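**Q** What follows is the file work.csv, containing CSV, C-alpha atoms and all ligand atoms:
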```csv
chain,number,residue,atom,x,y,z
Y,1,MET,CA,7.2,24.1,10.3
Y,2,LYS,CA,9.9,21.7,11.4
Y,3,ASN,CA,9.1,18.1,10.5
Y,4,ARG,CA,9.6,15.7,13.4
Y,5,ALA,CA,9.0,12.5,11.5
Y,6,LYS,CA,10.8,9.4,12.4
Y,7,THR,CA,12.1,6.8,10.0
Y,8,VAL,CA,10.6,3.6,11.1
Y,9,GLY,CA,13.1,0.8,10.4
Y,10,PHE,CA,12.0,-2.7,9.5
Y,11,LYS,CA,11.0,-4.4,12.7
Y,12,PRO,CA,12.7,-7.8,13.3
Y,13,GLY,CA,10.1,-10.4,14.1
Y,14,GLU,CA,7.2,-8.6,12.5
Y,15,ARG,CA,5.5,-9.7,9.4
Y,16,ASN,CA,3.1,-8.0,7.0
Y,17,ILE,CA,0.8,-10.0,4.8
Y,18,PHE,CA,-0.8,-8.1,2.0
Y,19,PHE,CA,-3.5,-10.5,0.9
Y,20,HIS,CA,-5.2,-9.7,-2.5
Y,21,ILE,CA,-8.3,-12.0,-2.1
Y,22,LEU,CA,-9.6,-11.1,-5.6
Y,23,THR,CA,-8.7,-8.8,-8.5
Y,24,ALA,CA,-12.2,-7.7,-9.5
Y,25,CYS,CA,-13.1,-4.1,-8.8
Y,26,ASN,CA,-16.1,-1.8,-9.5
Y,27,LEU,CA,-13.8,1.1,-10.2
Y,28,SER,CA,-11.0,1.7,-12.8
Y,29,CYS,CA,-8.7,4.2,-11.2
Y,30,ARG,CA,-6.2,5.8,-13.5
Y,31,HIS,CA,-3.2,4.6,-11.4
Y,32,CYS,CA,-4.5,1.1,-10.6
Y,33,TYR,CA,-1.6,-1.3,-10.0
Y,34,ILE,CA,-3.7,-4.5,-10.5
Y,35,ASN,CA,-2.4,-6.3,-13.5
Y,36,LYS,CA,-4.7,-9.1,-14.4
Y,37,LYS,CA,-2.3,-10.7,-16.8
Y,38,GLN,CA,0.1,-11.3,-13.9
Y,39,HIS,CA,-2.3,-11.5,-11.0
Y,40,GLY,CA,-5.2,-13.5,-12.6
Y,41,THR,CA,-8.9,-12.8,-12.5
Y,42,GLY,CA,-9.8,-15.3,-9.8
Y,43,GLN,CA,-11.4,-15.0,-6.4
Y,44,LEU,CA,-10.3,-17.2,-3.6
Y,45,THR,CA,-12.7,-19.7,-2.1
Y,46,LYS,CA,-13.7,-19.5,1.6
Y,47,GLU,CA,-11.5,-22.6,2.2
Y,48,GLN,CA,-8.5,-21.0,0.5
Y,49,LEU,CA,-8.9,-17.8,2.5
Y,50,GLU,CA,-8.6,-19.7,5.7
Y,51,GLN,CA,-5.9,-22.1,4.5
Y,52,TRP,CA,-3.7,-19.4,3.0
Y,53,MET,CA,-3.9,-17.3,6.2
Y,54,VAL,CA,-2.9,-20.3,8.2
Y,55,LEU,CA,0.3,-20.6,6.1
Y,56,PHE,CA,1.5,-17.2,7.2
Y,57,ALA,CA,0.3,-17.2,10.8
Y,58,ASP,CA,3.0,-17.3,13.5
Y,59,PRO,CA,2.0,-16.8,17.1
Y,60,ASN,CA,5.6,-15.7,17.9
Y,61,LYS,CA,5.5,-12.8,15.6
Y,62,LYS,CA,3.5,-9.6,15.5
Y,63,SER,CA,1.6,-10.2,12.2
Y,64,ASN,CA,-0.4,-7.7,10.2
Y,65,MET,CA,-3.0,-9.0,7.8
Y,66,ILE,CA,-4.1,-6.4,5.2
Y,67,PHE,CA,-7.0,-7.5,3.0
Y,68,LEU,CA,-6.8,-6.0,-0.5
Y,69,GLY,CA,-8.2,-6.5,-4.0
Y,70,GLY,CA,-9.3,-5.4,-6.5
Y,71,GLU,CA,-12.0,-4.2,-4.0
Y,72,PRO,CA,-11.9,-6.7,-1.1
Y,73,THR,CA,-15.5,-5.9,0.0
Y,74,LEU,CA,-16.7,-7.5,-3.3
Y,75,HIS,CA,-15.8,-10.8,-1.8
Y,76,PRO,CA,-18.8,-12.2,0.1
Y,77,ASP,CA,-16.6,-14.1,2.5
Y,78,LEU,CA,-14.6,-11.1,3.7
Y,79,PRO,CA,-16.3,-10.9,7.1
Y,80,PHE,CA,-15.5,-14.6,7.6
Y,81,ALA,CA,-11.9,-14.0,6.6
Y,82,ILE,CA,-11.6,-11.0,9.0
Y,83,LYS,CA,-12.9,-13.1,11.9
Y,84,LYS,CA,-10.6,-16.0,11.1
Y,85,ALA,CA,-7.6,-13.6,10.8
Y,86,LYS,CA,-8.3,-12.3,14.2
Y,87,GLU,CA,-8.6,-15.8,15.6
Y,88,LEU,CA,-5.2,-16.6,14.1
Y,89,GLY,CA,-3.7,-13.6,16.0
Y,90,TYR,CA,-3.4,-11.1,13.2
Y,91,PHE,CA,-3.8,-7.3,13.5
Y,92,VAL,CA,-6.4,-6.9,10.8
Y,93,THR,CA,-6.9,-4.1,8.3
Y,94,VAL,CA,-9.1,-3.9,5.2
Y,95,ASP,CA,-8.2,-1.4,2.4
Y,96,SER,CA,-11.4,-0.4,0.6
Y,97,ASN,CA,-12.1,2.0,-2.2
Y,98,GLY,CA,-15.0,3.2,-0.1
Y,99,TYR,CA,-17.9,1.3,-1.6
Y,100,LEU,CA,-18.1,-1.2,1.3
Y,101,PHE,CA,-20.0,-3.9,-0.6
Y,102,ASN,CA,-21.9,-6.8,1.0
Y,103,ASP,CA,-22.9,-4.7,3.9
Y,104,LEU,CA,-19.5,-5.0,5.6
Y,105,LEU,CA,-20.2,-2.7,8.5
Y,106,ALA,CA,-23.1,-4.8,9.6
Y,107,LYS,CA,-21.3,-8.1,9.1
Y,108,THR,CA,-18.2,-7.5,11.1
Y,109,THR,CA,-17.2,-5.6,14.2
Y,110,PRO,CA,-14.3,-3.4,15.5
Y,111,ASN,CA,-13.5,-6.3,17.7
Y,112,PHE,CA,-12.3,-8.3,14.7
Y,113,LEU,CA,-11.4,-5.5,12.3
Y,114,ASP,CA,-8.6,-3.3,13.8
Y,115,TYR,CA,-8.5,-0.7,11.0
Y,116,LEU,CA,-10.7,0.1,8.0
Y,117,SER,CA,-8.8,2.0,5.4
Y,118,PHE,CA,-10.4,4.1,2.7
Y,119,SER,CA,-8.6,5.3,-0.5
Y,120,LEU,CA,-9.2,9.0,-1.3
Y,121,ASP,CA,-7.1,10.8,-3.8
Y,122,GLY,CA,-8.4,14.3,-3.2
Y,123,PRO,CA,-10.1,16.5,-0.6
Y,124,ASP,CA,-13.0,17.1,-2.9
Y,125,ALA,CA,-14.8,15.5,-5.9
Y,126,GLU,CA,-13.1,17.9,-8.3
Y,127,THR,CA,-9.7,16.4,-7.4
Y,128,ASN,CA,-10.6,12.9,-6.5
Y,129,ASP,CA,-13.1,11.9,-9.1
Y,130,PRO,CA,-11.1,12.5,-12.3
Y,131,ILE,CA,-8.6,10.0,-10.8
Y,132,ARG,CA,-10.9,7.4,-9.2
Y,133,GLY,CA,-14.2,7.9,-11.0
Y,134,ASP,CA,-17.4,9.9,-11.0
Y,135,GLY,CA,-19.3,9.9,-7.8
Y,136,VAL,CA,-16.5,8.1,-5.9
Y,137,PHE,CA,-15.7,11.0,-3.5
Y,138,ASP,CA,-19.3,11.4,-2.2
Y,139,THR,CA,-19.7,7.6,-1.8
Y,140,CYS,CA,-16.4,7.2,0.0
Y,141,VAL,CA,-16.9,10.1,2.4
Y,142,ALA,CA,-20.4,9.0,3.3
Y,143,ASN,CA,-19.1,5.5,4.1
Y,144,ILE,CA,-16.2,6.9,6.2
Y,145,GLN,CA,-18.8,8.8,8.2
Y,146,ARG,CA,-20.9,5.6,8.6
Y,147,ALA,CA,-17.8,3.6,9.7
Y,148,VAL,CA,-16.7,6.2,12.2
Y,149,SER,CA,-20.2,6.4,13.7
Y,150,ALA,CA,-20.3,2.6,14.0
Y,151,GLY,CA,-17.1,2.7,16.1
Y,152,PHE,CA,-14.5,1.5,13.6
Y,153,ASN,CA,-11.0,2.9,13.5
Y,154,VAL,CA,-10.7,4.6,10.2
Y,155,SER,CA,-7.6,5.5,8.2
Y,156,VAL,CA,-7.3,7.2,4.8
Y,157,ILE,CA,-4.8,6.4,2.0
Y,158,TYR,CA,-3.9,9.2,-0.5
Y,159,THR,CA,-1.8,8.3,-3.5
Y,160,VAL,CA,0.2,11.3,-4.5
Y,161,SER,CA,0.7,12.0,-8.2
Y,162,LYS,CA,1.2,15.2,-10.3
Y,163,LYS,CA,-2.5,15.4,-10.6
Y,164,ASN,CA,-3.3,15.8,-6.8
Y,165,LEU,CA,-0.1,16.9,-5.1
Y,166,ASN,CA,-1.2,20.5,-4.8
Y,167,ALA,CA,-4.5,19.4,-3.1
Y,168,LEU,CA,-2.7,17.3,-0.4
Y,169,ASP,CA,-2.7,20.1,2.3
Y,170,ARG,CA,-6.5,20.4,2.0
Y,171,MET,CA,-6.8,16.8,3.2
Y,172,VAL,CA,-6.0,17.9,6.8
Y,173,PRO,CA,-9.3,19.8,7.5
Y,174,LEU,CA,-11.3,17.0,5.8
Y,175,LEU,CA,-9.7,14.3,7.9
Y,176,LEU,CA,-10.3,16.3,11.0
Y,177,LYS,CA,-13.9,16.8,10.1
Y,178,LEU,CA,-14.3,13.1,9.4
Y,179,LYS,CA,-12.5,12.1,12.6
Y,180,VAL,CA,-10.0,10.0,10.8
Y,181,ALA,CA,-7.2,8.8,13.1
Y,182,LYS,CA,-4.5,7.8,10.6
Y,183,PHE,CA,-3.4,9.1,7.3
Y,184,PHE,CA,-1.2,7.2,4.9
Y,185,ILE,CA,0.4,9.1,2.0
Y,186,GLN,CA,1.7,6.9,-0.8
Y,187,VAL,CA,3.8,7.7,-3.8
Y,188,ILE,CA,2.4,6.5,-7.1
Y,189,GLY,CA,4.1,3.5,-8.4
Y,190,LEU,CA,5.1,2.9,-12.0
Y,191,ARG,CA,3.3,-0.4,-12.1
Y,192,GLY,CA,0.1,-1.7,-13.6
Y,193,LYS,CA,-1.8,1.0,-15.5
Y,194,SER,CA,0.6,3.9,-14.5
Y,195,ALA,CA,3.5,1.9,-16.0
Y,196,LYS,CA,2.0,1.8,-19.5
Y,197,GLY,CA,2.3,5.5,-20.1
Y,198,ASP,CA,-1.4,5.9,-20.8
Y,199,SER,CA,-2.1,8.2,-18.0
Y,200,GLU,CA,0.4,11.0,-18.4
Y,201,GLU,CA,-0.9,13.4,-15.8
Y,202,VAL,CA,-1.2,10.6,-13.1
Y,203,THR,CA,2.6,10.2,-12.9
Y,204,GLN,CA,5.2,10.4,-10.3
Y,205,VAL,CA,6.1,13.8,-8.8
Y,206,THR,CA,9.7,14.9,-8.9
Y,207,ARG,CA,12.0,14.6,-5.9
Y,208,GLN,CA,11.7,18.4,-5.2
Y,209,GLN,CA,8.0,18.4,-5.5
Y,210,TRP,CA,7.7,15.5,-3.1
Y,211,LEU,CA,10.2,17.0,-0.5
Y,212,ASP,CA,8.6,20.5,-0.7
Y,213,THR,CA,5.1,19.2,0.0
Y,214,VAL,CA,4.7,15.9,1.7
Y,215,PRO,CA,6.8,16.4,4.9
Y,216,GLU,CA,5.1,19.8,5.5
Y,217,VAL,CA,1.6,18.5,5.1
Y,218,ALA,CA,2.4,15.5,7.3
Y,219,SER,CA,3.6,17.9,10.0
Y,220,GLN,CA,0.4,20.0,9.7
Y,221,ALA,CA,-1.7,16.9,10.1
Y,222,ALA,CA,0.4,15.6,13.1
Y,223,GLU,CA,0.0,19.0,14.8
Y,224,LYS,CA,-3.8,18.4,14.7
Y,225,GLY,CA,-3.4,14.9,16.2
Y,226,ILE,CA,-3.5,12.8,13.1
Y,227,HIS,CA,-1.0,10.0,12.9
Y,228,VAL,CA,0.7,10.2,9.4
Y,229,THR,CA,2.8,7.6,7.6
Y,230,TYR,CA,4.5,8.2,4.3
Y,231,PRO,CA,7.3,6.6,2.4
Y,232,LYS,CA,10.9,7.7,2.9
Y,233,VAL,CA,11.7,7.5,-0.8
Y,234,PHE,CA,15.0,9.5,-0.7
Y,235,LEU,CA,17.8,8.6,1.7
Y,236,LEU,CA,20.0,11.2,3.3
Y,237,PRO,CA,23.8,10.6,2.9
Y,238,ASP,CA,24.2,9.3,6.5
Y,239,GLU,CA,21.1,7.1,6.4
Y,240,LYS,CA,21.5,3.3,6.1
Y,241,PHE,CA,20.0,1.5,3.1
Y,242,GLU,CA,18.2,-1.7,3.8
Y,243,CYS,CA,16.2,-3.9,1.4
Y,244,ALA,CA,13.0,-5.2,3.1
Y,245,GLY,CA,13.3,-8.3,0.9
Y,246,ALA,CA,16.6,-9.1,2.7
Y,247,VAL,CA,15.8,-8.1,6.2
Y,248,ALA,CA,12.1,-8.1,6.8
Y,249,GLU,CA,9.1,-10.3,6.3
Y,250,ASN,CA,6.6,-8.9,3.8
Y,251,PHE,CA,4.4,-11.1,1.6
Y,252,PHE,CA,2.2,-9.9,-1.2
Y,253,ILE,CA,-0.2,-12.7,-2.0
Y,254,PHE,CA,-2.3,-12.8,-5.2
Y,255,PRO,CA,-5.3,-15.0,-6.0
Y,256,ASN,CA,-3.4,-16.9,-8.7
Y,257,GLY,CA,-1.0,-18.2,-6.0
Y,258,ARG,CA,1.9,-15.8,-6.7
Y,259,VAL,CA,3.6,-14.6,-3.5
Y,260,TYR,CA,6.1,-11.7,-3.8
Y,261,GLN,CA,8.4,-10.2,-1.2
Y,262,CYS,CA,8.9,-6.9,-3.1
Y,263,PRO,CA,5.9,-4.9,-4.5
Y,264,LEU,CA,8.0,-3.4,-7.3
Y,265,CYS,CA,8.3,-6.9,-8.8
Y,266,GLU,CA,4.6,-7.6,-9.1
Y,267,ASP,CA,4.4,-6.9,-12.8
Y,268,HIS,CA,6.9,-9.7,-13.5
Y,269,PRO,CA,6.8,-13.5,-13.1
Y,270,ILE,CA,9.8,-13.4,-10.7
Y,271,ASN,CA,7.8,-14.1,-7.5
Y,272,ALA,CA,10.0,-15.8,-4.8
Y,273,TYR,CA,7.2,-18.1,-3.7
Y,274,THR,CA,4.0,-19.7,-5.1
Y,275,ILE,CA,1.1,-21.3,-3.2
Y,276,GLN,CA,0.5,-24.7,-4.7
Y,277,ASN,CA,-2.1,-27.1,-3.3
Y,278,ASN,CA,-2.3,-24.8,-0.2
Y,279,GLN,CA,1.4,-25.1,0.5
Y,280,LEU,CA,4.0,-22.3,0.2
Y,281,VAL,CA,6.6,-23.4,-2.3
Y,282,LYS,CA,9.9,-21.6,-2.8
Y,283,ASN,CA,10.6,-21.0,-6.5
Y,284,GLU,CA,13.9,-21.9,-8.0
Y,285,GLY,CA,16.1,-20.0,-10.5
Y,286,LEU,CA,16.4,-16.2,-11.0
Y,287,ARG,CA,13.7,-14.7,-8.9
Y,288,GLU,CA,13.2,-11.4,-7.1
Y,289,ASP,CA,15.2,-12.5,-4.1
Y,290,SER,CA,18.2,-13.0,-6.3
Y,291,PHE,CA,18.4,-9.2,-6.5
Y,292,PHE,CA,17.8,-8.2,-2.8
Y,293,ARG,CA,21.4,-8.6,-1.7
Y,294,LEU,CA,23.0,-6.6,-4.5
Y,295,ASN,CA,24.7,-3.5,-3.2
Y,296,ILE,CA,24.5,-0.6,-5.6
Y,297,ALA,CA,25.2,3.1,-5.3
Y,298,GLU,CA,21.6,4.0,-6.2
Y,299,GLY,CA,20.0,2.1,-3.2
Y,300,CYS,CA,17.1,0.0,-4.3
Y,301,VAL,CA,18.0,-2.4,-7.1
Y,302,MET,CA,14.5,-2.9,-8.4
Y,303,ASN,CA,14.0,0.8,-8.6
Y,304,LYS,CA,17.2,1.1,-10.6
Y,305,LEU,CA,16.1,-1.7,-12.9
Y,306,LEU,CA,12.4,-0.8,-13.4
Y,307,GLN,CA,12.2,2.9,-13.0
Y,308,PRO,CA,15.7,4.4,-13.6
Y,309,ASP,CA,14.3,7.8,-14.5
Y,310,THR,CA,13.7,8.4,-10.8
Y,311,ILE,CA,17.4,8.7,-10.2
Y,312,GLU,CA,19.6,11.8,-11.0
Y,313,TYR,CA,23.3,11.7,-11.5
Y,314,ASP,CA,26.2,14.2,-11.2
Y,315,GLU,CA,28.6,15.0,-14.0
Y,316,LYS,CA,30.8,12.1,-12.9
Y,317,GLY,CA,28.0,9.6,-13.2
Y,318,LEU,CA,27.4,9.2,-9.5
Y,319,PRO,CA,23.9,9.2,-8.2
Y,320,LEU,CA,22.9,12.4,-6.4
Y,321,TYR,CA,20.9,10.5,-3.8
Y,322,ARG,CA,19.9,6.9,-3.0
Y,323,ILE,CA,16.4,5.6,-3.3
Y,324,SER,CA,15.2,3.9,-0.2
Y,325,CYS,CA,13.3,0.6,-0.1
Y,326,CYS,CA,9.7,1.5,-1.1
Y,327,LEU,CA,8.6,-0.2,2.1
Y,328,LEU,CA,10.6,2.1,4.4
Y,329,LYS,CA,8.3,4.6,6.1
Y,330,GLN,CA,8.4,7.8,8.0
Y,331,GLU,CA,5.9,8.3,10.9
Y,332,ILE,CA,4.8,11.5,12.7
Y,333,GLY,CA,2.0,12.2,15.1
Y,401,LIG,S1,-10.1,0.9,-6.3
Y,401,LIG,FE1,-8.0,-0.1,-6.2
Y,401,LIG,S2,-8.3,-2.0,-7.3
Y,401,LIG,FE2,-10.0,-0.7,-7.8
Y,401,LIG,S3,-9.4,0.3,-9.7
Y,401,LIG,FE3,-9.0,1.7,-8.0
Y,401,LIG,S4,-6.8,1.2,-7.5
Y,401,LIG,FE4,-7.6,-0.5,-8.8
Y,402,LIG,S1,11.6,-2.0,-3.1
Y,402,LIG,FE1,13.8,-2.3,-3.5
Y,402,LIG,S2,14.8,-2.3,-1.5
Y,402,LIG,FE2,12.5,-2.7,-1.2
Y,402,LIG,S3,12.2,-4.9,-1.2
Y,402,LIG,FE3,12.0,-4.2,-3.3
Y,402,LIG,S4,14.1,-4.4,-4.1
Y,402,LIG,FE4,14.3,-4.5,-1.9
```
If you convert what's in this file into structure tokens, what do you get?
**A**
Amino acid sequence: MKNRAKTVGFKPGERNIFFHILTACNLSCRHCYINKKQHGTGQLTKEQLEQWMVLFADPNKKSNMIFLGGEPTLHPDLPFAIKKAKELGYFVTVDSNGYLFNDLLAKTTPNFLDYLSFSLDGPDAETNDPIRGDGVFDTCVANIQRAVSAGFNVSVIYTVSKKNLNALDRMVPLLLKLKVAKFFIQVIGLRGKSAKGDSEEVTQVTRQQWLDTVPEVASQAAEKGIHVTYPKVFLLPDEKFECAGAVAENFFIFPNGRVYQCPLCEDHPINAYTIQNNQLVKNEGLREDSFFRLNIAEGCVMNKLLQPDTIEYDEKGLPLYRISCCLLKQEIG
């Protein structure tokens, strides 16, 4: 099937706030990217939730607020934060592992929460649970059904690794059955746990495996009316490279006050900003943003520095392809 996916460039004037409101989680997924040494173990207070959202609110820009953790529904003030985010003009999403603690569905409404996103890494318990934990598939699916019945817009995030790539196509009938409107396919990152080499099977797929599978499954889902988003990863020779850190506004906020512009940098103390005393402070010295404007043949500088094994070279030492910004997406459906 021909893939009609469009590359969605970075939108000027749009900002995305990825707000990790705590790092605690009830699960311990094999590819978890939370790194408590770097991101702390804290949980923001109700006051901080509001004050930090105010720092990034700009009525002149379309702003997306994505609440993350750890597991964000473990925070008892999440419903308050969702309502505040909506009042501040954000398009609001919560990314949950499916457990929906603190009775979230009863304590918020689709008027405040634009999308509720669930993480599933397999179309059945046999695929999902070895990655995310025993019993997780059944809990997550039951809560997706409850959320859809309660009128919430629901999306599903699937993190592709060697362990579950072959099961990706079987997600399409499951999503249809569950009435899920949007499907986000992610590529596993070599950060946090997956960077430590202690989860051999939960590692990145090869370029060929990715290209042979992901666009085809995305097309199949789109044909059935599901909107699919997946990362570009590999640029074609005529496609332009852009670093989101240089041309877009993305902020990845952690409860210890670190604010990154690039998710690949999150395992290192090179965050461009820090929130101190409820103010956003620009950090001095060699920081992630020192690298964003470097122009290299391999595309993304941080990918080249942090995961050089993802790049293949010809006999003259030239890269066979460029790696796109990890934030560049393809959309279809
Ligand atoms: S649900 Fe998310 S935060 Fe929790 S262990 Fe899994 S990947 Fe990590
Ligand atoms: S992933 Fe690469 S291209 Fe994207 S923001 Fe980070 S350094 Fe820039």
**Q** For ligand LIG 401 (chain Y), return the neighbouring residues as a ChimeraX atom specification (distance at most 10 Å; all atoms listed in the file).
**A** /Y:20,22-35,68-72,95-99,118-120,131-133,136,159,192-193
**Q** List the residues sitting within 8 Å of (24.2, 4.4, -4.0) in the file's frame, using all atoms listed in the file, as a PyMOL selection string.
**A** chain Y and resi 295-299+318-319+321-323
**Q** Can you write out the residues you just picked, keeping C-alpha atoms, as a tab-separated table (two decimals), in the frame of the given file?
**A**
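part-v4.tsv was written with the following content:
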```
chain	number	residue	atom	x	y	z
Y	295	ASN	CA	24.70	-3.50	-3.20
Y	296	ILE	CA	24.50	-0.60	-5.60
Y	297	ALA	CA	25.20	3.10	-5.30
Y	298	GLU	CA	21.60	4.00	-6.20
Y	299	GLY	CA	20.00	2.10	-3.20
Y	318	LEU	CA	27.40	9.20	-9.50
Y	319	PRO	CA	23.90	9.20	-8.20
Y	321	TYR	CA	20.90	10.50	-3.80
Y	322	ARG	CA	19.90	6.90	-3.00
Y	323	ILE	CA	16.40	5.60	-3.30
```
**Q** Rounded to one decimal place, report the atom CA of Tyr273 of chain Y-atom CA of Val259 of chain Y distance in Å.
**A** 5.0 Å
**Q** Which chain Y residues have any atom within 6 Å of an atom of ligand LIG 402 (chain Y), and for each, what is the nearest pair of atoms with distance in Å to one decimal, counting only C-alpha atoms and all ligand atoms, rows sorted by chain and number, as a tab-separated table?
**A**
```
residue	atom	partner	partner_atom	distance
Y:Cys243	CA	Y:LIG402	S2	3.6
Y:Ala244	CA	Y:LIG402	S3	4.4
Y:Gly245	CA	Y:LIG402	S3	4.1
Y:Cys262	CA	Y:LIG402	FE3	4.1
Y:Leu264	CA	Y:LIG402	S1	5.7
Y:Phe292	CA	Y:LIG402	FE4	5.2
Y:Cys300	CA	Y:LIG402	FE1	4.1
Y:Val301	CA	Y:LIG402	S4	5.3
Y:Met302	CA	Y:LIG402	S4	4.6
Y:Asn303	CA	Y:LIG402	FE1	6.0
Y:Cys325	CA	Y:LIG402	S2	3.6
Y:Cys326	CA	Y:LIG402	S1	4.5
Y:Leu327	CA	Y:LIG402	FE2	5.7
```
**Q** Excluding Leu116 of chain Y and any residue of its chain fewer than 4 positions from it, enumerate the residues within 10 Å of it, using only C-alpha atoms, and give them as a PyMOL selection string.
**A** chain Y and resi 66-67+92-96+98+105+110+144+147-148+152-156
**Q** For a cutoff of 12 Å around the file-coordinate point (-11.0, -20.1, 3.7), which residues qualify once you count only C-alpha atoms? I'd like the result as a list in words.
**A**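 The distance filter leaves exactly Ile21, Gln43, Leu44, Thr45, Lys46, Glu47, Gln48, Leu49, Glu50, Gln51, Trp52, Met53, Val54, Leu55, His75, Pro76, Asp77, Leu78, Pro79, Phe80, Ala81, Ile82, Lys83, Lys84, Ala85 and Asn278 of chain Y.
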**Q** Taking all atoms listed in the file into account, which of Y:Cys140, Y:Leu294, Y:Val214, Y:Leu176 comes nearest Val160 of chain Y?
**A**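 Smallest separation from Val160 of chain Y among the options: Y:Val214.
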**Q** What does the distance from atom CA of Thr127 of chain Y to atom CA of Ile157 of chain Y come to in Å, to one decimal?
**A**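 About the pair atom CA of Thr127 of chain Y and atom CA of Ile157 of chain Y: they are 14.6 Å apart.
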**Q** Counting only C-alpha atoms, which residue out of Y:Gly151, Y:Pro12, Y:Pro231, Y:Gly42 sits closest to Gly257 of chain Y?
**A**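 Between Y:Gly151, Y:Pro12, Y:Pro231, Y:Gly42, the residue approaching Gly257 of chain Y most closely is Y:Gly42.
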**Q** Between atom CA of Gln220 of chain Y and atom CA of Ala125 of chain Y, what distance in Å does the model show, to one decimal?
**A**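 One can read the atom CA of Gln220 of chain Y to atom CA of Ala125 of chain Y distance as 22.2 Å.
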**Q** So, counting only C-alpha atoms, which residue among Y:Ala142, Y:Ile226, Y:Ile185, Y:Leu74 is closest to Gln330 of chain Y?
**A** Y:Ile185
**Q** So, counting all atoms listed in the file, which residue among Y:Val187, Y:Ala167, Y:Thr139, Y:Glu266 is closest to Val233 of chain Y?
**A**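 Counting all atoms listed in the file, the residue closest to Val233 of chain Y is Y:Val187.
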